[in-house]
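Colleague: Next up is a structure, given as structure tokens.
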Amino acid sequence: RVHGESLVESSRSDDVKTLFAKTPETKVYKRRWYILALFCSVGFVEFMNWNTWAPIEASAKLVYTWENSDIALLENWGFITLLLGTTVTTWLLDSKGMRVTMVITIALVTAGAGLRCITMEPTAATWLINIGQILNGFAGVLPNAGAPLLSVLWFPSNQRRTATAAATTSMYGGLALSFVVGPAIVKESKTHIEPPNYLHPLTQGITNQSYSSYQGNEQDTRNSKSDSTHLFGNQTDPITEQRRQIQTLVYLEFGISALLLILVLIYFPEKPPIPPTASASSIRTDFKKGSVTILRDRNFWFLALVYAVFSGLVISYLSVLSVDLETIGISQETAGWVGFYATLAGALGSILFARITDVMDIGMQTVVLLACVVGTVMFYAFTMVAKGYFPMTVASVYATIIATGLCANGIVPLLFEMAAELFYPVSEELIAGMMMVVQNGVAMLLLLVMMIPNIGVSWLDWTVLAGITMSVPVIAAVNATNKRSNFDKLKSQKSLNYIP
């Protein structure tokens, strides 16, 4: 009997030694902050390039003879391509790794930005701009789906949520800046020129054919000095001036994109030599099995639905904000500042919410639920103002939209982290990618409806309000767990307690 007990003890000792022999060495590198900054910069520029046109929609329609449906299509390419490209990008991350995927991503961003610089002739430019939006849209998967993977590869467990928040926040920073940079460079025309059905008194003598020619052919405009003088005196006509300003904007965006491509090629490693945590190097569920696991779990659908109907709808709405606010008498420039502050608030909210859950003993689900409630109340107040039930002031529009943006964008990294914790050891990029498919499908539908001729925007506020209201009971129904964090804590505790 004593001999048997000795064998059992020996066996247990061997098991413990085997367990800790498999526990990897961990190390945190200072360079992780540079990697995070470069990753954030790519997401920042990708989102800024995507939202080039909506903040300057009045000028773009004038220069390129576009309609609201053209602006909606350009914005919608981002959602369509994310929907189509998510599977490919998550497979690339899983099979080829972070570096290869990052190089491809920033190359697509640069190519998309470059196509817009080739010509300003309306027909050719419209085609090239749409192709550029498609390329840039495919590049948008990594900044979204790759954020949780980057944080787990480079950061310790007590910094992961903050790192994920910073990576996702960068995209909203680019979106916020696009609302300011575009209108700052491309000034809305003070001379009101519209198609023949709504002719300004100064242009009543121009026929449909001559108006189209005048708007679309820069060389003819230069040669028709007497017509330009008749219309605009000695000043440069608005179309020529705004064409030049749009050129400046797209050249600037291309230059920034090209610089980031060079930096990524110089240094952006696959992963650190030694992982920061045990879970960073643990074996993940394979792509097919992980997909099945996620799709069969109702908690995934709850989290993805909240991401879609709250964050997704609000992001879509902000991308066409100037079109909606135009109906209540708010200018393109003011709408740009509203969108800027709303998106910036969401970016800051991401960091704030993440730090609260990293540092304080407050569950992620609780923070997300509170944000959904506050966001719903704020957008309800905006809808009442926009529809005339409450007195309309510019201050009330600023306050309600900014608060909604803070809540909607602020919860995104927490939703990714909740899903990563819940479905560990399924890979983080697969989880985030599949959530993006649902989110972009809903966001895409909103912009597709806007492309219906003469549909207007009277339905828009009510639709967004209904969606974000739905998020409250759905997030409350999630059965959240912390499998990944518990694994790291268990490994860490056993390493401290084990004495060879």
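Each chain of the structure tokens is named A, B, ... in the order shown, its residues numbered from 1; ligands are numbered from 1 in display order.
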Counting only C-alpha atoms, what is within 10 Å of segment 247-253 of chain A, bar same-chain residues fewer than 4 positions away, as a PyMOL selection string?
Modeller: chain A and resi 45-46+48-49+52+109-110+113-120+181-186+241-243+257-258
Colleague: Quick one: everything within 7 Å of segment 416-423 of chain A, counting only C-alpha atoms, minus sequence neighbours fewer than 5 positions away in the same chain. Send it as a ChimeraX atom specification.
Modeller: /A:148,161,300,364,428,431-432,480-485
Colleague: Let's have the selection written as an mmCIF file, in the first residue's frame, with C-alpha atoms.
Modeller:
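Result went into again.cif, see below:
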```cif
data_model
loop_
_atom_site.group_PDB
_atom_site.id
_atom_site.type_symbol
_atom_site.label_atom_id
_atom_site.label_comp_id
_atom_site.auth_asym_id
_atom_site.auth_seq_id
_atom_site.Cartn_x
_atom_site.Cartn_y
_atom_site.Cartn_z
ATOM 1 C CA PRO A 148 -7.951 41.924 -30.091
ATOM 2 C CA ARG A 161 -8.536 45.869 -22.840
ATOM 3 C CA PHE A 300 -22.256 35.338 -29.851
ATOM 4 C CA MET A 364 -17.555 44.737 -18.878
ATOM 5 C CA GLU A 428 -9.488 36.507 -31.263
ATOM 6 C CA ILE A 431 -14.354 36.098 -33.182
ATOM 7 C CA ALA A 432 -13.975 39.786 -34.045
ATOM 8 C CA ALA A 480 -20.694 36.588 -19.786
ATOM 9 C CA THR A 481 -17.632 34.653 -18.544
ATOM 10 C CA ASN A 482 -13.868 35.354 -18.318
ATOM 11 C CA LYS A 483 -12.317 32.103 -19.555
ATOM 12 C CA ARG A 484 -9.156 33.659 -21.006
ATOM 13 C CA SER A 485 -8.353 35.838 -17.975
#
```
Colleague: So which residues touch Trp462 of chain A within 12 Å, counting only C-alpha atoms, skipping near sequence neighbours fewer than 6 positions away, as a PyMOL selection string?
Modeller: chain A and resi 313+317+376+379-384+386-387+446+468-469
Colleague: Enumerate as a count of residues only all residues of segment 346-426 of chain A assigned to alpha helix (DSSP H) by DSSP on the backbone, naming them with the chain letters and numbers the document uses.
Modeller: 66
Colleague: Extract, using only C-alpha atoms, all DNA, RNA and protein residues at most 9 Å from Trp337 of chain A, discarding same-chain residues fewer than 2 positions from it, and format them as a PyMOL selection string.
Modeller: chain A and resi 176+179-180+332-335+339-342+398
Colleague: Okay, now the selection with all heavy atoms, as a short mmCIF file (atom, residue, chain, number, x, y, z; two decimals), in the first residue's frame?
Modeller:
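What landed in part-v8.cif:
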```
data_model
loop_
_atom_site.label_atom_id
_atom_site.label_comp_id
_atom_site.auth_asym_id
_atom_site.auth_seq_id
_atom_site.Cartn_x
_atom_site.Cartn_y
_atom_site.Cartn_z
N ALA A 176 -13.25 60.86 -36.98
CA ALA A 176 -13.50 62.18 -36.41
C ALA A 176 -12.74 63.26 -37.18
O ALA A 176 -13.29 64.32 -37.51
CB ALA A 176 -13.09 62.19 -34.94
N PHE A 179 -14.17 64.57 -40.48
CA PHE A 179 -15.25 65.55 -40.42
C PHE A 179 -14.72 66.99 -40.35
O PHE A 179 -15.43 67.93 -40.67
CB PHE A 179 -16.13 65.30 -39.19
CG PHE A 179 -17.04 64.11 -39.33
CD1 PHE A 179 -16.82 62.96 -38.58
CD2 PHE A 179 -18.12 64.14 -40.19
CE1 PHE A 179 -17.66 61.87 -38.70
CE2 PHE A 179 -18.96 63.05 -40.32
CZ PHE A 179 -18.73 61.91 -39.57
N VAL A 180 -13.46 67.14 -39.94
CA VAL A 180 -12.87 68.47 -39.80
C VAL A 180 -11.94 68.80 -40.96
O VAL A 180 -12.01 69.88 -41.54
CB VAL A 180 -12.10 68.57 -38.46
CG1 VAL A 180 -11.40 69.92 -38.35
CG2 VAL A 180 -13.05 68.38 -37.29
N GLN A 332 -23.01 72.21 -43.87
CA GLN A 332 -22.01 71.16 -44.03
C GLN A 332 -20.88 71.31 -43.01
O GLN A 332 -20.43 70.34 -42.40
CB GLN A 332 -21.45 71.23 -45.45
CG GLN A 332 -20.23 70.36 -45.73
CD GLN A 332 -19.74 70.51 -47.16
OE1 GLN A 332 -20.40 70.08 -48.11
NE2 GLN A 332 -18.59 71.13 -47.34
N GLU A 333 -20.42 72.54 -42.81
CA GLU A 333 -19.32 72.78 -41.88
C GLU A 333 -19.72 72.46 -40.44
O GLU A 333 -18.98 71.79 -39.71
CB GLU A 333 -18.86 74.24 -41.99
CG GLU A 333 -17.66 74.55 -41.10
CD GLU A 333 -17.16 75.97 -41.27
OE1 GLU A 333 -17.77 76.73 -42.05
OE2 GLU A 333 -16.17 76.33 -40.62
N THR A 334 -20.89 72.92 -40.02
CA THR A 334 -21.35 72.63 -38.66
C THR A 334 -21.58 71.14 -38.46
O THR A 334 -21.22 70.57 -37.42
CB THR A 334 -22.65 73.40 -38.36
OG1 THR A 334 -22.41 74.80 -38.52
CG2 THR A 334 -23.13 73.14 -36.94
N ALA A 335 -22.18 70.49 -39.45
CA ALA A 335 -22.38 69.03 -39.37
C ALA A 335 -21.05 68.30 -39.23
O ALA A 335 -20.94 67.31 -38.51
CB ALA A 335 -23.14 68.54 -40.60
N GLY A 339 -20.07 65.80 -36.19
CA GLY A 339 -19.54 64.46 -36.42
C GLY A 339 -18.17 64.27 -35.81
O GLY A 339 -17.86 63.21 -35.25
N PHE A 340 -17.33 65.31 -35.89
CA PHE A 340 -15.99 65.24 -35.31
C PHE A 340 -16.05 65.01 -33.81
O PHE A 340 -15.42 64.09 -33.27
CB PHE A 340 -15.23 66.52 -35.62
CG PHE A 340 -13.95 66.68 -34.83
CD1 PHE A 340 -12.82 65.97 -35.19
CD2 PHE A 340 -13.89 67.53 -33.74
CE1 PHE A 340 -11.64 66.10 -34.46
CE2 PHE A 340 -12.72 67.68 -33.01
CZ PHE A 340 -11.59 66.95 -33.38
N TYR A 341 -16.82 65.84 -33.12
CA TYR A 341 -16.88 65.73 -31.66
C TYR A 341 -17.56 64.43 -31.22
O TYR A 341 -17.19 63.84 -30.20
CB TYR A 341 -17.59 66.94 -31.07
CG TYR A 341 -16.76 68.20 -31.09
CD1 TYR A 341 -17.19 69.34 -31.76
CD2 TYR A 341 -15.53 68.24 -30.43
CE1 TYR A 341 -16.41 70.49 -31.79
CE2 TYR A 341 -14.75 69.39 -30.45
CZ TYR A 341 -15.19 70.52 -31.13
OH TYR A 341 -14.42 71.64 -31.15
N ALA A 342 -18.56 63.98 -31.98
CA ALA A 342 -19.24 62.73 -31.63
C ALA A 342 -18.29 61.54 -31.75
O ALA A 342 -18.26 60.66 -30.88
CB ALA A 342 -20.46 62.52 -32.53
N TYR A 398 -25.62 69.27 -30.89
CA TYR A 398 -24.26 68.90 -30.46
C TYR A 398 -24.31 67.95 -29.26
O TYR A 398 -23.67 66.88 -29.28
CB TYR A 398 -23.49 70.16 -30.05
CG TYR A 398 -22.66 70.79 -31.14
CD1 TYR A 398 -23.11 71.91 -31.83
CD2 TYR A 398 -21.40 70.28 -31.47
CE1 TYR A 398 -22.34 72.50 -32.82
CE2 TYR A 398 -20.62 70.86 -32.46
CZ TYR A 398 -21.09 71.98 -33.14
OH TYR A 398 -20.33 72.55 -34.10
#
```
Colleague: Give me the residues near Thr164 of chain A as a list of chain:residue names, where near means some atom within 6 Å (using only C-alpha atoms) and where sequence neighbours in that chain fewer than 2 positions away do not count.
Modeller: A:Ala147, A:Pro148, A:Ser151, A:Arg161, A:Thr162, A:Ala166, A:Ala167, A:Pro413
Colleague: Excluding Phe44 of chain A and residues on its chain fewer than 6 positions from it, collect all residues at most 10 Å away from it, counting only C-alpha atoms, and give them as a list of chain:residue names.
Modeller: A:Leu38, A:Pro143, A:Ala167, A:Thr168, A:Thr169, A:Ser170, A:Met171, A:Tyr172, A:Gly173, A:Gly174, A:Leu175, A:Ala176, A:Leu177, A:Ser178
Colleague: Next, the residues of the selection above should be written as a CSV table (one decimal), in the first residue's frame with C-alpha atoms.
Modeller:
```csv
chain,number,residue,atom,x,y,z
A,38,LEU,CA,1.8,52.0,-36.0
A,143,PRO,CA,-8.0,47.5,-38.0
A,167,ALA,CA,-6.5,50.0,-31.5
A,168,THR,CA,-10.2,50.4,-32.2
A,169,THR,CA,-10.2,54.0,-31.1
A,170,SER,CA,-7.7,54.9,-33.7
A,171,MET,CA,-10.3,54.2,-36.4
A,172,TYR,CA,-12.8,56.5,-34.8
A,173,GLY,CA,-10.0,59.1,-34.5
A,174,GLY,CA,-9.6,59.0,-38.3
A,175,LEU,CA,-13.3,59.2,-38.8
A,176,ALA,CA,-13.5,62.2,-36.4
A,177,LEU,CA,-10.7,64.0,-38.2
A,178,SER,CA,-12.3,63.5,-41.6
```
Colleague: Considering only C-alpha atoms, return as a list in words whatever protein or nucleic-acid residues lie within 9 Å of Gly441 of chain A, sequence-local ones (same chain, fewer than 4 positions apart) excluded.
Modeller: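 So, after excluding close chain neighbours, the residues are Phe79, Ile80, Leu82, Leu83, Ala308, Gly312, Met436, Val437 and Leu445 of chain A.
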Colleague: Just checking: using only C-alpha atoms, which residue out of A:Val88, A:Val63, A:Phe390, A:Ile71 ends up closest to Asp237 of chain A?
Modeller: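 Ranked by minimum distance to Asp237 of chain A, first place goes to A:Val63.
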Colleague: Of the residues A:Ala60, A:Met435, A:Ile315, A:Val28, which is the one nearest to Asn158 of chain A, using only C-alpha atoms?
Modeller: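 Among the listed residues, the smallest separation from Asn158 of chain A belongs to A:Val28.
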